[in-house]
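Below you'll find the structure, written out as structure tokens, and then a few comments.
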Amino acid sequence: MRPGLNTGLTRGRIGLIVIAVVAVGLGVVLPLVLTGGGQGPASAADLPGAYQFRITYSDDDGNQGIIDYWFRDSKERTDWQWTDSGQPTEVRTLISDGQFDWLYIPTGNGVVIKFTRGDYSNPRASYLAPFKQHYYGAVTEEEMLAAAQSVCDADSDCKSVGISGHETIGGEECVAFIWTFNDGSTATEWSSTTRGCLLKRVYRVASTGKTTTMQFTNVDLNPTIQDERFDINAVAPGATIVDMTGN
């Protein structure tokens, strides 16, 4: 599903207004996403201390995108190239280095907006959530189903979850789970039977019949991620920095 507009009230709300003024002067369009909202469903199992993956997204409305994600300890980075139907492609990098959040907008010579950590929430977080929440680890299918049921039980929108079959995705044997929600919408998820990680997800909206598809590739659950991956100076050398940490 597409992420909704988050309207949580933090000091980031005031800061974003200032940022918008600065951004307009630099010819930049910013997504209006603020910190706040609920915690979401519980996770099935704990992910390792370092991992990475890529999402390739498409839907029936012609929207498409690629998201690359890296996590190590308390640091994370999200790169995305996103094209909504009929719109120009949006390219962004968001880095949380453990102290600050950095939003890099590679327009012209580049603009970097610096936030106090937590003042700006990731506008692609809802796409990352299924991989994080539906990771099971190296367990049996029965244990995976039990964990999935626990996640469903913790989600007020979830009606049921069950195993619908098996399929090979990206060269890996997968078990398919079908999630049914209270409004009749469904999500079919294919998870690796050996690694317990999500490799494909198809969501169908009951009211419209439209679907969204996410493929998860480049999945590494034990990568060596260098410090430079989370260093804004290495990612965007020479970019103009707009410091919002004092607002």
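Quick note on naming: the chains in the structure tokens go A, B, ... in the order shown, residues restart at 1 in each chain, and ligands are numbered from 1 in order of appearance.
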Backbone DSSP call of strand (DSSP E) for stretch 44-226 of chain A, listed as a PyMOL selection string: chain A and resi 50-59+64-72+75-83+90-96+100-105+111-116+158-169+172-181+186-192+198-204+211-220
Alpha helix (DSSP H) residues, from DSSP on the backbone, in stretch 92-158 of chain A, as an NGL selection string: :A and (125-133 or 141-154)
List as a Markdown table every residue of stretch 159-213 of chain A that is in contact with stretch 51-75 of chain A, defined as an atom at most 7 Å from one of its atoms (using only C-alpha atoms), together with the nearest atom pair and the distance in Å rounded to one decimal, sorted by chain and then rising number.
```
| residue | atom | partner | partner_atom | distance |
| --- | --- | --- | --- | --- |
| A:Lys210 | CA | A:Asp60 | CA | 5.9 |
| A:Thr211 | CA | A:Asp59 | CA | 5.8 |
| A:Thr212 | CA | A:Asp59 | CA | 4.2 |
| A:Thr213 | CA | A:Ser58 | CA | 5.4 |
```
Take the residues from that selection and put them in a file with all heavy atoms, as a CSV table (one decimal), in the first residue's frame.
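Full text of part24.csv as output:
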```csv
chain,number,residue,atom,x,y,z
A,210,LYS,N,-7.3,-3.4,-7.5
A,210,LYS,CA,-6.0,-3.1,-8.0
A,210,LYS,C,-4.9,-3.7,-7.1
A,210,LYS,O,-5.1,-4.0,-5.9
A,210,LYS,CB,-5.8,-1.6,-8.0
A,210,LYS,CG,-6.6,-0.9,-9.1
A,210,LYS,CD,-6.4,0.6,-9.2
A,210,LYS,CE,-7.1,1.2,-10.3
A,210,LYS,NZ,-6.9,2.7,-10.4
A,211,THR,N,-3.8,-4.0,-7.7
A,211,THR,CA,-2.7,-4.6,-7.0
A,211,THR,C,-1.4,-3.8,-7.0
A,211,THR,O,-1.2,-3.0,-7.9
A,211,THR,CB,-2.4,-6.0,-7.6
A,211,THR,OG1,-1.9,-5.8,-9.0
A,211,THR,CG2,-3.6,-6.9,-7.6
A,212,THR,N,-0.6,-4.1,-6.0
A,212,THR,CA,0.8,-3.5,-5.9
A,212,THR,C,1.7,-4.7,-5.7
A,212,THR,O,1.4,-5.7,-5.0
A,212,THR,CB,1.0,-2.5,-4.8
A,212,THR,OG1,0.8,-3.2,-3.5
A,212,THR,CG2,0.0,-1.4,-4.9
A,213,THR,N,2.9,-4.7,-6.3
A,213,THR,CA,3.8,-5.8,-6.3
A,213,THR,C,5.2,-5.2,-5.8
A,213,THR,O,5.6,-4.2,-6.3
A,213,THR,CB,4.0,-6.5,-7.6
A,213,THR,OG1,2.7,-7.0,-8.1
A,213,THR,CG2,5.0,-7.6,-7.6
```
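Taking atom CA of A:Asp101 and atom CA of A:Pro237 as endpoints, the distance between them is 16.3 Å.
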Contact residues around A:Ala234 with only C-alpha atoms at 12 Å, ignoring same-chain residues under 6 positions, as an MDAnalysis selection string: chainID A and resid 95 104 226:228
From A:Tyr203, A:Tyr136, A:Trp102, A:Tyr127, residue lying nearest A:Ile241 [only C-alpha atoms]: A:Trp102
Give me, as a PDB file with N, CA, C and O atoms, in the first residue's frame, all polymer residues having an atom no more than 6 Å from A:Arg201, counting only C-alpha atoms and skipping those fewer than 5 positions away in the same chain.
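What ended up in around_38.pdb:
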```
ATOM      1  N   THR A 188      -0.440 -11.462  -0.503  1.00  0.00           N
ATOM      2  CA  THR A 188       0.246 -12.742  -0.629  1.00  0.00           C
ATOM      3  C   THR A 188       1.742 -12.484  -0.520  1.00  0.00           C
ATOM      4  O   THR A 188       2.279 -11.632  -1.235  1.00  0.00           O
ATOM      5  N   GLU A 189       2.396 -13.202   0.390  1.00  0.00           N
ATOM      6  CA  GLU A 189       3.822 -12.999   0.642  1.00  0.00           C
ATOM      7  C   GLU A 189       4.572 -14.317   0.483  1.00  0.00           C
ATOM      8  O   GLU A 189       4.155 -15.342   1.027  1.00  0.00           O
ATOM      9  N   THR A 213       2.854  -4.663  -6.341  1.00  0.00           N
ATOM     10  CA  THR A 213       3.810  -5.764  -6.271  1.00  0.00           C
ATOM     11  C   THR A 213       5.162  -5.247  -5.814  1.00  0.00           C
ATOM     12  O   THR A 213       5.650  -4.232  -6.330  1.00  0.00           O
ATOM     13  N   MET A 214       5.761  -5.944  -4.855  1.00  0.00           N
ATOM     14  CA  MET A 214       7.111  -5.632  -4.401  1.00  0.00           C
ATOM     15  C   MET A 214       7.969  -6.890  -4.477  1.00  0.00           C
ATOM     16  O   MET A 214       7.594  -7.928  -3.938  1.00  0.00           O
TER      17      MET A 214
END
```
Best match for closeness to A:Phe181 among A:Ala206, A:Val235, A:Ala154, A:Ile169, counting only C-alpha atoms: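 Once distances to A:Phe181 are computed over only C-alpha atoms, the minimum belongs to A:Ala206.
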